[in-house]
Amino acid sequence: MDLFLTSSGFFNSSWRTLDTHVQVSEDTATAQQLSAGDTLWILTAHANWSRVVADSVQKGVAVVVLAALPDAAEMNQALNSGALCYCPAVADERTIQAVKVAASQDSIWVPAVYLRQMTGAVARLFGGNPKKSRYEQLGLTAREAGVVTLLIDGLSNQDIAARLFITERTVKEHLTNIFKKLDVKDRLQLALLVLKS
């Protein structure tokens with residue numbers, strides 16, 4: 001089940017596009033009925049949203065935090081409370097579907113601009129990009145290593161494509177292959193795996 005905890009009558013029609021049973025409520029007490037395998041989508045307009053997130057995570061519920069006006073501090077609070085995903089409350093159908101997939105796979109989903117910032121922060125924490133031998137140790141080709149290096153620097157797929165003189169579609173294909181090869185689910189996991197020695 002997908003439970004959307006909304007506020008002041010807010011509703012996004014994209015929520016109904018999920019292929020699961022969808023319930024919409026304004027009462028945070030309805031989150032108590034959720035159990036492992038369910039997904040809670042909660043608006044940050046609720047005064048105690050981070051407490052509801054933490055309580056739900058304790059029960060094994062996947063949590064998506066929906067923000068009216070996304071910002072980095074609120075995103076950090078959401079992730080620190082245990083949420084897997086943080087997205088705009090007005091997200092379109094495609095984004096809602098992508099977030100649902102990420103949540104169901106225990107992956108992190110945040111807006112691209114924040115993901116690039118997080119990846120760059122991880123790189124700085126680990127002292128920058130790894131040596132060539134690390135890429136070889138992981139079995140990455142020279143082109144894959146180039147894509148990962150730019151990803152770790154916080155570049156978008158479009159920027160990576162421009163730097164490497166390839167199409168954005170080719171960048172996506174490289175990333176899909178790299179994710180499979182290294183058994184990671186997202187860009188952040190990839191950065192952490194490559195950067196740890």
# chains A, B, ... in the order shown; residues from 1 in each chain; ligands from 1
call {"tool": "select_by_dssp", "arguments": {"residues": "chain A", "states": "helix (DSSP H, G or I)", "output": "VMD selection string"}}
result
chain A and resid 13 to 17 28 to 33 49 to 58 72 to 80 93 to 104 112 to 125 132 to 137 142 to 152 157 to 164 168 to 182 187 to 195
call {"tool": "residues_around", "arguments": {"residues": "A:Leu115", "least_positions_apart": "2", "cutoff": "10 Å", "atoms": "only C-alpha atoms", "output": "list of chain:residue names"}}
result
A:Ile108, A:Trp109, A:Val110, A:Pro111, A:Ala112, A:Val113, A:Gln117, A:Met118, A:Thr119, A:Gly120, A:Ala121, A:Gly154, A:Leu155, A:Ser156, A:Asp186, A:Arg187, A:Leu188
call {"tool": "residues_around", "arguments": {"residues": "A:Val64", "least_positions_apart": "3", "cutoff": "12 Å", "atoms": "only C-alpha atoms", "output": "MDAnalysis selection string"}}
result
chainID A and resid 2:5 38:44 49:50 52:54 56:57 61 67 75 78:79 81:89 96 98:104 106:110
call {"tool": "residues_around", "arguments": {"residues": "A:Met1", "least_positions_apart": "4", "cutoff": "8 Å", "atoms": "only C-alpha atoms", "output": "PyMOL selection string"}}
result
chain A and resi 20-23+34+37-39
call {"tool": "atom_distance", "arguments": {"atom1": "atom CA of A:Leu193", "atom2": "atom CA of A:Leu138"}}
result
9.3 Å
call {"tool": "residues_around", "arguments": {"residues": "A:Leu150", "least_positions_apart": "5", "cutoff": "10 Å", "atoms": "only C-alpha atoms", "output": "PyMOL selection string"}}
result
chain A and resi 120+129+145+155-157+159-161+163-164
call {"tool": "atom_distance", "arguments": {"atom1": "atom CA of A:Asp27", "atom2": "atom CA of A:Val63"}}
result
16.1 Å
call {"tool": "closest_residue", "arguments": {"among": "A:Trp15, A:Tyr135, A:Phe10, A:Tyr114", "to": "A:Arg94", "atoms": "only C-alpha atoms"}}
result
A:Trp15
call {"tool": "residues_around", "arguments": {"residues": "A:Gly139", "least_positions_apart": "6", "cutoff": "12 Å", "atoms": "only C-alpha atoms", "output": "list in words"}}
result
Lys132, Ser133, Ala145, Asn177, Ile178, Lys180, Lys181, Leu182 and Val194 of chain A
call {"tool": "write_last_selection", "arguments": {"atoms": "N, CA and C atoms", "output": "PDB file, in the first residue's frame"}}
result
ATOM      1  N   LYS A 132      43.831   5.460 -10.843  1.00  0.00           N
ATOM      2  CA  LYS A 132      43.468   4.596 -11.968  1.00  0.00           C
ATOM      3  C   LYS A 132      43.395   3.130 -11.535  1.00  0.00           C
ATOM      4  N   SER A 133      44.281   2.728 -10.628  1.00  0.00           N
ATOM      5  CA  SER A 133      44.313   1.326 -10.195  1.00  0.00           C
ATOM      6  C   SER A 133      43.004   0.906  -9.525  1.00  0.00           C
ATOM      7  N   ALA A 145      35.542   4.361 -16.515  1.00  0.00           N
ATOM      8  CA  ALA A 145      36.265   5.110 -15.483  1.00  0.00           C
ATOM      9  C   ALA A 145      36.113   6.611 -15.707  1.00  0.00           C
ATOM     10  N   ASN A 177      25.343  -0.129 -17.310  1.00  0.00           N
ATOM     11  CA  ASN A 177      26.306  -1.239 -17.306  1.00  0.00           C
ATOM     12  C   ASN A 177      27.174  -1.224 -16.056  1.00  0.00           C
ATOM     13  N   ILE A 178      27.608  -0.042 -15.641  1.00  0.00           N
ATOM     14  CA  ILE A 178      28.442   0.079 -14.443  1.00  0.00           C
ATOM     15  C   ILE A 178      27.652  -0.339 -13.210  1.00  0.00           C
ATOM     16  N   LYS A 180      25.186  -2.435 -13.013  1.00  0.00           N
ATOM     17  CA  LYS A 180      25.060  -3.899 -13.033  1.00  0.00           C
ATOM     18  C   LYS A 180      26.381  -4.561 -12.669  1.00  0.00           C
ATOM     19  N   LYS A 181      27.447  -4.095 -13.280  1.00  0.00           N
ATOM     20  CA  LYS A 181      28.769  -4.681 -13.066  1.00  0.00           C
ATOM     21  C   LYS A 181      29.189  -4.607 -11.600  1.00  0.00           C
ATOM     22  N   LEU A 182      28.906  -3.486 -10.952  1.00  0.00           N
ATOM     23  CA  LEU A 182      29.344  -3.273  -9.576  1.00  0.00           C
ATOM     24  C   LEU A 182      28.243  -3.540  -8.551  1.00  0.00           C
ATOM     25  N   VAL A 194      33.357   3.290  -5.226  1.00  0.00           N
ATOM     26  CA  VAL A 194      34.592   3.622  -5.942  1.00  0.00           C
ATOM     27  C   VAL A 194      35.571   4.359  -5.036  1.00  0.00           C
TER      28      VAL A 194
END
